[in-house]
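File shown here: model_27.cif, holding mmCIF, C-alpha atoms and all ligand atoms.
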```cif
data_entry
loop_
_atom_site.label_atom_id
_atom_site.label_comp_id
_atom_site.auth_asym_id
_atom_site.auth_seq_id
_atom_site.Cartn_x
_atom_site.Cartn_y
_atom_site.Cartn_z
CA MET A 1 -3.64 11.31 22.90
CA ILE A 2 -5.66 12.56 19.92
CA LEU A 3 -3.96 12.88 16.54
CA LEU A 4 -4.97 14.18 13.14
CA GLY A 5 -3.48 12.30 10.17
CA ILE A 6 -3.19 13.90 6.74
CA GLU A 7 -2.35 12.02 3.52
CA THR A 8 -2.16 13.79 0.14
CA SER A 9 0.76 12.05 -1.58
CA CYS A 10 -1.07 11.08 -4.78
CA ASP A 11 -4.73 11.19 -5.80
CA GLU A 12 -6.44 10.52 -2.47
CA THR A 13 -7.19 13.38 -0.07
CA SER A 14 -7.54 11.77 3.32
CA CYS A 15 -7.82 12.91 6.94
CA SER A 16 -8.21 10.78 10.02
CA ILE A 17 -8.58 11.20 13.75
CA ILE A 18 -7.22 8.56 16.11
CA ARG A 19 -7.37 8.49 19.89
CA ASN A 20 -4.66 6.42 21.60
CA GLY A 21 -4.23 4.34 18.45
CA VAL A 22 -7.97 3.78 17.94
CA VAL A 23 -9.45 5.17 14.73
CA LEU A 24 -12.34 7.60 15.34
CA SER A 25 -12.67 8.70 11.72
CA ASN A 26 -10.97 8.03 8.41
CA ILE A 27 -12.24 10.07 5.47
CA VAL A 28 -10.81 9.18 2.05
CA LYS A 29 -11.82 11.07 -1.11
CA THR A 30 -10.45 9.61 -4.31
CA GLN A 31 -10.06 12.07 -7.18
CA ASP A 32 -12.03 10.95 -10.22
CA ILE A 33 -10.81 13.85 -12.36
CA HIS A 34 -7.96 11.75 -13.77
CA GLN A 35 -10.02 8.95 -15.27
CA SER A 36 -10.19 10.30 -18.81
CA PHE A 37 -6.38 10.77 -18.79
CA GLY A 38 -5.66 7.10 -17.93
CA GLY A 39 -3.34 8.12 -15.07
CA VAL A 40 -2.83 10.80 -12.41
CA VAL A 41 -2.19 14.35 -13.74
CA PRO A 42 0.04 16.00 -11.09
CA ASP A 43 -1.21 19.60 -11.49
CA LEU A 44 -4.84 18.56 -11.34
CA ALA A 45 -4.11 16.41 -8.29
CA SER A 46 -2.55 19.20 -6.24
CA LYS A 47 -5.28 21.66 -7.18
CA ASP A 48 -7.94 19.20 -6.09
CA HIS A 49 -6.18 18.54 -2.76
CA GLU A 50 -6.09 22.30 -2.18
CA LYS A 51 -9.83 22.51 -2.73
CA LYS A 52 -10.73 19.52 -0.56
CA ILE A 53 -8.32 19.51 2.34
CA LEU A 54 -10.10 21.98 4.64
CA PRO A 55 -13.59 20.44 4.23
CA ILE A 56 -12.13 16.97 4.79
CA VAL A 57 -10.31 18.03 7.96
CA HIS A 58 -13.64 19.41 9.23
CA GLU A 59 -15.48 16.24 8.21
CA SER A 60 -12.98 14.01 10.02
CA ILE A 61 -13.19 16.17 13.17
CA ASN A 62 -16.99 16.20 13.14
CA LYS A 63 -17.23 12.48 12.54
CA ALA A 64 -14.85 11.82 15.44
CA ASN A 65 -16.99 14.11 17.59
CA ILE A 66 -14.04 16.19 18.80
CA LYS A 67 -12.96 19.84 18.50
CA LEU A 68 -9.90 21.12 16.66
CA THR A 69 -8.49 22.29 20.01
CA ASP A 70 -8.64 18.69 21.35
CA LEU A 71 -5.79 17.69 18.99
CA ASP A 72 -2.45 16.73 20.56
CA GLY A 73 -0.51 16.45 17.29
CA ILE A 74 -0.63 16.22 13.50
CA ALA A 75 0.95 13.42 11.47
CA VAL A 76 1.42 14.17 7.79
CA THR A 77 2.92 12.42 4.77
CA TYR A 78 6.03 14.29 3.55
CA GLY A 79 7.02 11.73 0.83
CA ALA A 80 7.28 9.78 -1.34
CA GLY A 81 4.73 11.01 -3.84
CA LEU A 82 3.87 13.85 -6.19
CA LEU A 83 5.64 17.05 -5.14
CA GLY A 84 2.68 19.40 -5.61
CA SER A 85 0.33 17.04 -3.79
CA LEU A 86 2.72 16.57 -0.88
CA ILE A 87 3.17 20.35 -0.52
CA VAL A 88 -0.57 20.87 -0.05
CA GLY A 89 -0.84 18.41 2.85
CA LEU A 90 2.47 19.34 4.45
CA ASN A 91 1.89 23.11 4.38
CA PHE A 92 -1.61 22.74 5.70
CA ALA A 93 -0.32 20.58 8.55
CA LYS A 94 2.51 23.00 9.36
CA GLY A 95 0.09 25.94 9.53
CA LEU A 96 -2.31 24.08 11.79
CA SER A 97 0.50 22.85 14.01
CA VAL A 98 1.76 26.43 14.53
CA ALA A 99 -1.75 27.78 15.07
CA LEU A 100 -2.63 25.13 17.67
CA ASN A 101 0.91 24.92 19.09
CA ILE A 102 1.00 21.12 18.83
CA PRO A 103 3.68 18.76 17.42
CA LEU A 104 3.99 18.09 13.70
CA ILE A 105 5.11 14.52 12.97
CA PRO A 106 6.39 13.96 9.41
CA ILE A 107 5.69 10.43 8.17
CA SER A 108 6.93 8.66 5.06
CA HIS A 109 4.20 7.03 3.02
CA LEU A 110 5.86 3.62 3.35
CA GLU A 111 6.07 3.95 7.14
CA GLY A 112 2.36 4.69 6.96
CA HIS A 113 1.60 1.49 5.04
CA LEU A 114 3.68 -0.51 7.51
CA SER A 115 1.76 1.04 10.39
CA SER A 116 -1.59 0.07 8.85
CA GLY A 117 -0.88 -3.41 10.26
CA PHE A 118 -1.14 -1.94 13.79
CA ILE A 119 -4.70 -0.64 13.37
CA ASN A 120 -7.02 -2.94 15.34
CA LYS A 121 -4.21 -5.57 15.44
CA THR A 122 -1.24 -6.37 17.64
CA PRO A 123 1.85 -7.23 15.57
CA ARG A 124 4.69 -9.19 17.13
CA PHE A 125 8.39 -8.60 16.56
CA PRO A 126 10.65 -9.45 14.85
CA SER A 127 8.36 -9.35 11.86
CA ILE A 128 8.68 -9.89 8.13
CA SER A 129 6.61 -7.28 6.28
CA LEU A 130 5.66 -7.47 2.63
CA ILE A 131 4.65 -4.08 1.20
CA VAL A 132 2.70 -4.37 -2.04
CA SER A 133 1.43 -1.12 -3.51
CA GLY A 134 1.34 0.79 -6.77
CA GLY A 135 4.86 2.14 -6.23
CA HIS A 136 6.55 -0.50 -4.07
CA THR A 137 7.08 -4.20 -3.69
CA GLN A 138 9.48 -4.83 -0.85
CA ILE A 139 10.08 -7.24 2.00
CA TRP A 140 11.27 -5.68 5.25
CA LEU A 141 12.71 -7.29 8.34
CA ILE A 142 11.34 -5.25 11.24
CA GLU A 143 13.20 -5.91 14.47
CA ASP A 144 11.26 -3.25 16.33
CA ILE A 145 9.15 -0.21 15.43
CA ASP A 146 12.19 1.91 14.54
CA ARG A 147 14.70 -0.82 13.60
CA PHE A 148 14.32 -2.31 10.16
CA LYS A 149 16.18 -3.57 7.11
CA VAL A 150 14.98 -3.95 3.50
CA LEU A 151 15.55 -7.56 2.40
CA SER A 152 14.02 -7.51 -1.03
CA ASN A 153 12.83 -5.16 -3.72
CA THR A 154 11.39 -5.25 -7.20
CA VAL A 155 13.86 -4.81 -10.02
CA ASP A 156 11.24 -3.31 -12.34
CA ASP A 157 7.47 -2.87 -11.84
CA ALA A 158 5.71 -2.97 -8.50
CA ALA A 159 2.96 -5.57 -7.97
CA GLY A 160 0.23 -2.89 -8.10
CA GLU A 161 1.75 -1.59 -11.32
CA ALA A 162 1.62 -5.13 -12.74
CA PHE A 163 -2.11 -5.17 -11.97
CA ASP A 164 -2.60 -1.68 -13.46
CA LYS A 165 -0.61 -2.38 -16.63
CA GLY A 166 -2.21 -5.80 -17.00
CA ALA A 167 -5.65 -4.22 -16.72
CA ARG A 168 -4.76 -1.78 -19.50
CA ILE A 169 -3.71 -4.71 -21.72
CA LEU A 170 -7.04 -6.40 -20.96
CA GLY A 171 -8.93 -3.18 -21.76
CA LEU A 172 -10.04 -2.57 -18.17
CA GLY A 173 -10.18 0.65 -16.12
CA TYR A 174 -7.86 2.22 -13.51
CA PRO A 175 -6.88 1.24 -10.85
CA GLY A 176 -6.41 -2.16 -12.41
CA GLY A 177 -6.17 -4.32 -9.28
CA PRO A 178 -9.85 -4.25 -8.30
CA GLU A 179 -10.87 -4.55 -11.98
CA ILE A 180 -8.80 -7.70 -12.52
CA GLU A 181 -9.95 -9.12 -9.20
CA LYS A 182 -13.59 -8.63 -10.20
CA LEU A 183 -13.22 -10.46 -13.54
CA ALA A 184 -11.03 -13.15 -12.02
CA ARG A 185 -13.75 -14.16 -9.57
CA THR A 186 -15.50 -16.13 -12.31
CA GLY A 187 -12.35 -17.20 -14.17
CA ASN A 188 -10.11 -20.25 -13.95
CA PRO A 189 -6.75 -19.27 -12.35
CA LEU A 190 -5.06 -22.39 -13.71
CA LYS A 191 -6.25 -22.06 -17.31
CA TYR A 192 -3.12 -20.28 -18.60
CA ASN A 193 0.40 -20.77 -17.39
CA PHE A 194 2.59 -17.72 -16.79
CA PRO A 195 6.30 -18.08 -15.96
CA LEU A 196 7.37 -17.47 -12.36
CA PRO A 197 9.86 -14.58 -12.68
CA GLU A 198 13.35 -15.13 -11.25
CA VAL A 199 15.90 -12.39 -10.61
CA LYS A 200 19.59 -13.11 -11.16
CA ASN A 201 21.81 -12.83 -8.06
CA ASN A 202 18.97 -12.27 -5.60
CA LYS A 203 16.49 -15.03 -4.90
CA PHE A 204 14.32 -12.72 -2.78
CA ASN A 205 13.84 -9.96 -5.38
CA PHE A 206 10.72 -9.49 -7.47
CA SER A 207 10.24 -8.81 -11.16
CA PHE A 208 6.92 -8.23 -12.89
CA SER A 209 7.69 -6.67 -16.26
CA GLY A 210 8.15 -10.08 -17.96
CA LEU A 211 4.77 -11.19 -16.67
CA LYS A 212 3.09 -8.14 -18.17
CA THR A 213 4.75 -8.81 -21.56
CA ALA A 214 3.70 -12.47 -21.38
CA LEU A 215 0.11 -11.31 -20.81
CA LEU A 216 0.29 -9.04 -23.85
CA TYR A 217 1.53 -11.86 -26.09
CA LYS A 218 -0.94 -14.36 -24.68
CA LYS A 219 -3.82 -11.97 -25.32
CA GLN A 220 -2.69 -11.22 -28.87
CA LYS A 221 -2.49 -14.95 -29.58
CA LEU A 222 -5.90 -15.62 -28.07
CA ASP A 223 -7.46 -12.64 -29.88
CA ASN A 224 -6.49 -14.33 -33.15
CA LEU A 225 -8.22 -17.54 -32.07
CA ASP A 226 -11.24 -15.44 -31.14
CA ASN A 227 -12.77 -17.82 -28.64
CA TYR A 228 -11.60 -17.48 -25.07
CA SER A 229 -12.72 -16.09 -21.74
CA ILE A 230 -11.13 -12.82 -20.62
CA ASN A 231 -12.09 -13.87 -17.07
CA ASP A 232 -9.81 -16.92 -17.34
CA LEU A 233 -7.00 -14.72 -18.58
CA ALA A 234 -7.49 -12.21 -15.74
CA ALA A 235 -7.68 -15.02 -13.17
CA SER A 236 -4.50 -16.70 -14.48
CA TYR A 237 -2.61 -13.39 -14.53
CA GLN A 238 -3.74 -12.58 -10.99
CA HIS A 239 -2.72 -16.09 -9.91
CA ALA A 240 0.76 -15.53 -11.37
CA ILE A 241 1.28 -12.22 -9.51
CA VAL A 242 0.02 -13.66 -6.21
CA HIS A 243 2.06 -16.83 -6.64
CA SER A 244 5.21 -14.83 -7.34
CA LEU A 245 4.69 -12.63 -4.24
CA LEU A 246 4.07 -15.58 -1.94
CA ASN A 247 6.88 -17.64 -3.42
CA LYS A 248 9.48 -14.95 -2.62
CA LEU A 249 7.93 -14.34 0.78
CA GLU A 250 8.22 -18.06 1.56
CA ARG A 251 11.92 -18.05 0.65
CA VAL A 252 12.51 -15.22 3.13
CA LEU A 253 10.53 -16.96 5.88
CA ARG A 254 12.51 -20.15 5.36
CA ASP A 255 15.88 -18.40 5.48
CA TYR A 256 15.12 -16.05 8.37
CA LYS A 257 12.91 -18.44 10.33
CA ILE A 258 10.65 -15.59 11.38
CA TYR A 259 6.96 -16.40 11.45
CA ASN A 260 5.37 -13.05 12.35
CA VAL A 261 4.24 -11.67 9.01
CA MET A 262 2.45 -8.50 7.87
CA ILE A 263 1.22 -7.96 4.31
CA VAL A 264 0.27 -4.32 3.63
CA GLY A 265 -0.38 -1.84 0.79
CA GLY A 266 -3.05 -1.55 -1.92
CA VAL A 267 -2.57 -5.05 -3.35
CA SER A 268 -3.14 -6.58 0.10
CA ALA A 269 -6.83 -5.70 -0.39
CA ASN A 270 -7.01 -8.50 -2.99
CA LEU A 271 -9.20 -11.30 -1.62
CA TYR A 272 -7.67 -14.01 -3.82
CA PHE A 273 -4.23 -13.02 -2.47
CA ARG A 274 -5.57 -13.26 1.09
CA GLU A 275 -7.09 -16.67 0.39
CA ILE A 276 -3.93 -18.16 -1.12
CA ALA A 277 -1.82 -16.65 1.68
CA GLN A 278 -3.77 -18.86 4.09
CA ASP A 279 -1.92 -21.88 2.68
CA LEU A 280 1.37 -20.30 3.72
CA GLN A 281 -0.14 -19.37 7.06
CA LYS A 282 -1.10 -23.00 7.72
CA LYS A 283 2.16 -24.47 6.41
CA TYR A 284 4.34 -22.37 8.77
CA ASN A 285 1.76 -21.63 11.46
CA LEU A 286 2.28 -17.95 10.78
CA ASN A 287 1.07 -15.11 12.92
CA LEU A 288 -0.19 -13.40 9.75
CA ILE A 289 -1.66 -9.89 9.68
CA PHE A 290 -3.47 -8.28 6.79
CA PRO A 291 -4.82 -4.78 7.56
CA ASP A 292 -8.59 -4.32 7.60
CA LEU A 293 -9.63 -3.62 4.00
CA GLU A 294 -10.16 0.13 4.41
CA TYR A 295 -6.54 0.54 5.59
CA CYS A 296 -4.89 -1.28 2.64
CA THR A 297 -5.13 1.42 -0.03
CA ASP A 298 -4.00 4.97 0.71
CA ASN A 299 -5.60 6.47 3.80
CA ALA A 300 -4.76 8.92 6.58
CA ALA A 301 -5.48 6.53 9.47
CA MET A 302 -2.25 4.66 8.70
CA ILE A 303 -0.36 7.99 8.74
CA ALA A 304 -1.94 8.95 12.06
CA MET A 305 -1.05 5.50 13.46
CA ALA A 306 2.58 5.90 12.36
CA GLY A 307 2.58 9.32 14.07
CA TYR A 308 1.15 7.82 17.24
CA LEU A 309 3.84 5.11 17.35
CA LYS A 310 6.52 7.78 16.84
CA LEU A 311 5.12 10.11 19.49
CA LEU A 312 5.13 7.27 22.00
CA LYS A 313 8.91 7.06 21.46
CA GLU A 314 9.78 10.76 21.33
CA ASN A 315 7.68 13.90 21.58
CA LYS A 316 9.44 16.00 18.98
CA THR A 317 8.09 18.43 16.41
CA ASP A 318 9.79 19.12 13.09
CA LEU A 319 8.64 22.21 11.22
CA SER A 320 11.78 22.29 9.05
CA ILE A 321 10.71 19.18 7.16
CA GLU A 322 10.48 19.54 3.38
CA PRO A 323 8.46 17.43 0.98
CA ASN A 324 10.49 14.58 -0.52
CA PRO A 325 8.98 12.99 -3.64
CA ASN A 326 11.60 10.20 -3.76
CA ILE A 327 12.33 8.62 -0.39
CA VAL A 328 14.34 5.51 -1.13
CA TYR A 329 14.67 2.63 1.32
CA GLN A 330 17.05 -0.12 0.26
O1 LIG B 401 -1.19 1.54 -1.56
P1 LIG B 401 -1.89 2.11 -2.72
O2 LIG B 401 -3.30 2.60 -2.52
O3 LIG B 401 -1.10 3.31 -3.33
C1 LIG B 401 0.28 3.33 -3.47
O4 LIG B 401 0.97 3.63 -2.49
O5 LIG B 401 0.72 3.00 -4.59
O6 LIG B 401 -1.87 1.00 -3.86
C2 LIG B 401 -2.46 1.21 -5.10
C3 LIG B 401 -2.26 -0.04 -5.93
C4 LIG B 401 -2.78 0.11 -7.36
O7 LIG B 401 -1.78 -0.34 -8.22
C5 LIG B 401 -4.00 -0.79 -7.38
O8 LIG B 401 -4.25 -1.38 -8.63
C6 LIG B 401 -3.65 -1.83 -6.34
O9 LIG B 401 -2.97 -1.14 -5.34
N1 LIG B 401 -4.86 -2.45 -5.76
C7 LIG B 401 -5.16 -3.74 -5.91
C8 LIG B 401 -6.42 -3.93 -5.29
N2 LIG B 401 -6.82 -2.73 -4.77
C9 LIG B 401 -5.85 -1.84 -5.09
N3 LIG B 401 -4.50 -4.74 -6.52
C10 LIG B 401 -5.07 -5.95 -6.52
N4 LIG B 401 -6.28 -6.21 -5.96
C11 LIG B 401 -6.98 -5.24 -5.34
N5 LIG B 401 -8.16 -5.50 -4.80
ZN ZN B 402 0.22 3.86 -0.83
#
```
Here is the file; what I need is its structure written in the form of C-alpha cells.
Ligand code: KG4
Ligand code: ZN
Amino acid sequence: MILLGIETSCDETSCSIIRNGVVLSNIVKTQDIHQSFGGVVPDLASKDHEKKILPIVHESINKANIKLTDLDGIAVTYGAGLLGSLIVGLNFAKGLSVALNIPLIPISHLEGHLSSGFINKTPRFPSISLIVSGGHTQIWLIEDIDRFKVLSNTVDDAAGEAFDKGARILGLGYPGGPEIEKLARTGNPLKYNFPLPEVKNNKFNFSFSGLKTALLYKKQKLDNLDNYSINDLAASYQHAIVHSLLNKLERVLRDYKIYNVMIVGGVSANLYFREIAQDLQKKYNLNLIFPDLEYCTDNAAMIAMAGYLKLLKENKTDLSIEPNPNIVYQ
C-alpha cells in the first residue's frame, strides 16, 4: 500500500511517500519568511504553502521513484493548526483524492506526532506517550492504536514554548529549542537552580510559565553583575525543563506500572533530553522509543504513517472533513 502524506498545519510544507509503513521520501521545507517577524505570520504561511505544495508533492514522488497513479491513498493534516495553512493542504489532498479516485484519510496533527514513534520502530501496548511540541505537552495512555486517554496536560505553556520564550529572553533566534540546546552543550546544567514547577490538584500536570519568569529574573540579576556565562544559564534552563518533563513522566509510570514509553514531538529531538531519559530507562527497564530525529519536528511521514495505521483498520474515505484549527484532546 503506497500513501502520500501532506502536512501544512503551520510553517512547514511537507510531503512524504510511504510504502507499507516504510518511508520512501519525506520532504520538509521550512518557511524562513517569518524570521524577521519573530513568529509565524498566518497569511504569509498559507500563501507560501500554496506556492510550494505542488512542487513538493512532485519532489516526494520523484524521490520515492513512483508515479502519481501508484498511490493508494492520501493522508492529510486537518487540524490543529493555522486555518489558512490547513486549508491549503486539505483542499489539495481532496482534489487529488477525487482525481485519482483514492481514499482521503484526515489525520490530526497530534495523532501524527504519536505515529512518528512507529516509523522504523515497533511500539508495544499499552504504552505511555509523552508528546512535547511547540503547542502541546501531554501524557497519553495508549491501550491500542485507536484507544487512548489523556492523563496529563500543561496548565500554561507547552515545553517547546518554554524553549522558544526562554530563547527570546536569552536573545537567541527562533525556534528556540535548537538554539538553547546548542549553547547548553558547553554550559554547566547545574550552575543555576530553577524551581521544579508543581500544579495544584494534579501531580501529573505540567507548568512552564513560572520557569520562564524565573529565567527572566535570573538573567536580569546576572546582567547587573556583568560576569556570567550565557551558556551556563541556557544549560541550567534546559536542565530544568527536561527534569520537569521526566519527573512528571516518572510519576505516571510509577502509578500506572506501564513500562512501554514513547516520547515524541519537536522537543524530543533534544539530545540532552534523550541522554537524561536514559537514566529513567535504566531505572525502570523501559522499552523506550524516541522517533528518529527527522520525524520529531513537523513532517509528513508521521501523517502518512498515521494514515497507514488507520487504513489497516478501516478503508474509509472522508471528503466532508473540514479544517479544524483547535482540536482539543483532554
Ligand atoms: O512538533 P513541532 O515541530 O511543532 C509543533 O507541533 O509545535 O515542535 C516545535 C517545537 C518548537 O517549540 C521548538 O523550539 C522545539 O519544538 N524544538 C526543540 C528542539 N527542536 C525543536 N526543543 C528543544 N530541543 C530541540 N532540539
Ligand atoms: Zn508538531
Using all atoms listed in the file, which residues of chain A come within 6 Å of ligand ZN 402 (chain B), and what is the closest atom pair for each, with the distance in Å to one decimal? Give it as a Markdown table, sorted by chain and residue number.
```
| residue | atom | partner | partner_atom | distance |
| --- | --- | --- | --- | --- |
| A:Ser133 | CA | B:ZN402 | ZN | 5.8 |
| A:Gly265 | CA | B:ZN402 | ZN | 6.0 |
| A:Thr297 | CA | B:ZN402 | ZN | 5.9 |
| A:Asp298 | CA | B:ZN402 | ZN | 4.6 |
```
Using only C-alpha atoms and all ligand atoms, find each residue with an atom at most 8 Å away from ligand LIG 401 (chain B) and format the answer as an MDAnalysis selection string.
chainID A and resid 10 109:110 113 132:136 158:164 174:181 264:271 273 296:299
Let me see the file: selected residues, C-alpha atoms, as an mmCIF file, keeping the file's coordinate frame.
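So the final result, stored in out.cif, reads:
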```cif
data_model
loop_
_atom_site.group_PDB
_atom_site.id
_atom_site.type_symbol
_atom_site.label_atom_id
_atom_site.label_comp_id
_atom_site.auth_asym_id
_atom_site.auth_seq_id
_atom_site.Cartn_x
_atom_site.Cartn_y
_atom_site.Cartn_z
ATOM 1 C CA CYS A 10 -1.070 11.080 -4.780
ATOM 2 C CA HIS A 109 4.200 7.030 3.020
ATOM 3 C CA LEU A 110 5.860 3.620 3.350
ATOM 4 C CA HIS A 113 1.600 1.490 5.040
ATOM 5 C CA VAL A 132 2.700 -4.370 -2.040
ATOM 6 C CA SER A 133 1.430 -1.120 -3.510
ATOM 7 C CA GLY A 134 1.340 0.790 -6.770
ATOM 8 C CA GLY A 135 4.860 2.140 -6.230
ATOM 9 C CA HIS A 136 6.550 -0.500 -4.070
ATOM 10 C CA ALA A 158 5.710 -2.970 -8.500
ATOM 11 C CA ALA A 159 2.960 -5.570 -7.970
ATOM 12 C CA GLY A 160 0.230 -2.890 -8.100
ATOM 13 C CA GLU A 161 1.750 -1.590 -11.320
ATOM 14 C CA ALA A 162 1.620 -5.130 -12.740
ATOM 15 C CA PHE A 163 -2.110 -5.170 -11.970
ATOM 16 C CA ASP A 164 -2.600 -1.680 -13.460
ATOM 17 C CA TYR A 174 -7.860 2.220 -13.510
ATOM 18 C CA PRO A 175 -6.880 1.240 -10.850
ATOM 19 C CA GLY A 176 -6.410 -2.160 -12.410
ATOM 20 C CA GLY A 177 -6.170 -4.320 -9.280
ATOM 21 C CA PRO A 178 -9.850 -4.250 -8.300
ATOM 22 C CA GLU A 179 -10.870 -4.550 -11.980
ATOM 23 C CA ILE A 180 -8.800 -7.700 -12.520
ATOM 24 C CA GLU A 181 -9.950 -9.120 -9.200
ATOM 25 C CA VAL A 264 0.270 -4.320 3.630
ATOM 26 C CA GLY A 265 -0.380 -1.840 0.790
ATOM 27 C CA GLY A 266 -3.050 -1.550 -1.920
ATOM 28 C CA VAL A 267 -2.570 -5.050 -3.350
ATOM 29 C CA SER A 268 -3.140 -6.580 0.100
ATOM 30 C CA ALA A 269 -6.830 -5.700 -0.390
ATOM 31 C CA ASN A 270 -7.010 -8.500 -2.990
ATOM 32 C CA LEU A 271 -9.200 -11.300 -1.620
ATOM 33 C CA PHE A 273 -4.230 -13.020 -2.470
ATOM 34 C CA CYS A 296 -4.890 -1.280 2.640
ATOM 35 C CA THR A 297 -5.130 1.420 -0.030
ATOM 36 C CA ASP A 298 -4.000 4.970 0.710
ATOM 37 C CA ASN A 299 -5.600 6.470 3.800
#
```
For A:Trp140: contacts at 9 Å, all atoms listed in the file, fewer than 2 positions along chain excluded, given as an MDAnalysis selection string
chainID A and resid 127:131 138 142 148:152
Taking into account only C-alpha atoms, which residue in the set A:Asn231, A:Asn224, A:Thr213, A:Asn91 is nearest to A:Leu190?
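Closest residue, counting only C-alpha atoms: A:Asn231.
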Set the distance at 12 Å and use all atoms listed in the file: which residues neighbour A:Ala214 once local chain neighbours fewer than 3 positions away are removed? I'd like the list as a ChimeraX atom specification.
/A:162,165-166,169,192-197,208-211,217-221,233,236-237,240
Which residue out of A:Leu54, A:Ala306, A:Gly117, A:Leu172 has the minimum interatomic distance to A:Gly38 when only C-alpha atoms are used?
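For A:Gly38, the nearest of the candidates is A:Leu172.
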Which protein, DNA or RNA residues are at most 12 Å from (10.9, 16.0, 17.9) in the file's coordinates when you count only C-alpha atoms, listed as a PyMOL selection string?
chain A and resi 73+102-106+307+310-321
Counting only C-alpha atoms, which residue out of A:Glu59, A:Asp255, A:Asp32, A:Asp146 sits closest to A:Glu12?
A:Asp32
Could you put an axis-aligned box around every listed atom of stretch 60-75 of chain A, padded by 3 Å on each side, and send me its centre and edge lengths in Å to one decimal, as JSON?
```
{"center_x": -8.1, "center_y": 17.1, "center_z": 15.7, "size_x": 24.2, "size_y": 16.5, "size_z": 17.3}
```
In Å and to one decimal, atom CA of A:Ile53 is distant from atom CA of A:Ala93 by 10.2 Å
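Shortest atom-to-atom contact with A:Pro189 among A:Asn247, A:Ser85, A:Gln238, A:Asn324: A:Gln238, counting all atoms listed in the file.
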Atom CA of A:Ile258 to atom CA of A:Ala277: how many Å, to one decimal?
15.8 Å
Requested file, stretch 236-254 of chain A restricted to N, CA and C atoms, as a compact mmCIF listing (two decimals), in the first residue's frame:
```txt
# COMPACT_ATOMS: atom_id res chain seq x y z
N SER A 236 21.31 25.39 32.33
CA SER A 236 20.53 25.19 33.56
C SER A 236 19.03 25.27 33.27
N TYR A 237 18.66 26.17 32.36
CA TYR A 237 17.24 26.30 31.99
C TYR A 237 16.78 25.04 31.26
N GLN A 238 17.59 24.57 30.33
CA GLN A 238 17.26 23.33 29.60
C GLN A 238 17.14 22.17 30.58
N HIS A 239 18.07 22.11 31.54
CA HIS A 239 18.04 21.05 32.55
C HIS A 239 16.71 21.08 33.32
N ALA A 240 16.26 22.29 33.65
CA ALA A 240 15.02 22.43 34.43
C ALA A 240 13.82 21.93 33.62
N ILE A 241 13.76 22.27 32.34
CA ILE A 241 12.62 21.82 31.51
C ILE A 241 12.64 20.29 31.41
N VAL A 242 13.81 19.75 31.09
CA VAL A 242 13.94 18.30 30.91
C VAL A 242 13.61 17.56 32.22
N HIS A 243 14.12 18.08 33.31
CA HIS A 243 13.90 17.48 34.61
C HIS A 243 12.41 17.48 34.95
N SER A 244 11.75 18.58 34.65
CA SER A 244 10.32 18.68 34.94
C SER A 244 9.54 17.65 34.10
N LEU A 245 9.87 17.54 32.81
CA LEU A 245 9.18 16.58 31.94
C LEU A 245 9.37 15.15 32.46
N LEU A 246 10.60 14.80 32.79
CA LEU A 246 10.88 13.42 33.18
C LEU A 246 10.34 13.11 34.58
N ASN A 247 10.31 14.13 35.43
CA ASN A 247 9.77 13.94 36.77
C ASN A 247 8.28 13.57 36.71
N LYS A 248 7.52 14.29 35.89
CA LYS A 248 6.08 14.00 35.78
C LYS A 248 5.86 12.66 35.07
N LEU A 249 6.69 12.40 34.08
CA LEU A 249 6.58 11.11 33.38
C LEU A 249 6.82 9.97 34.37
N GLU A 250 7.81 10.13 35.22
CA GLU A 250 8.13 9.06 36.19
C GLU A 250 6.95 8.82 37.15
N ARG A 251 6.28 9.90 37.55
CA ARG A 251 5.13 9.73 38.44
C ARG A 251 4.04 8.89 37.76
N VAL A 252 3.82 9.14 36.48
CA VAL A 252 2.81 8.37 35.74
C VAL A 252 3.23 6.90 35.63
N LEU A 253 4.50 6.68 35.31
CA LEU A 253 4.98 5.29 35.17
C LEU A 253 4.80 4.53 36.47
N ARG A 254 5.12 5.21 37.58
CA ARG A 254 5.01 4.56 38.89
C ARG A 254 3.57 4.21 39.21
```
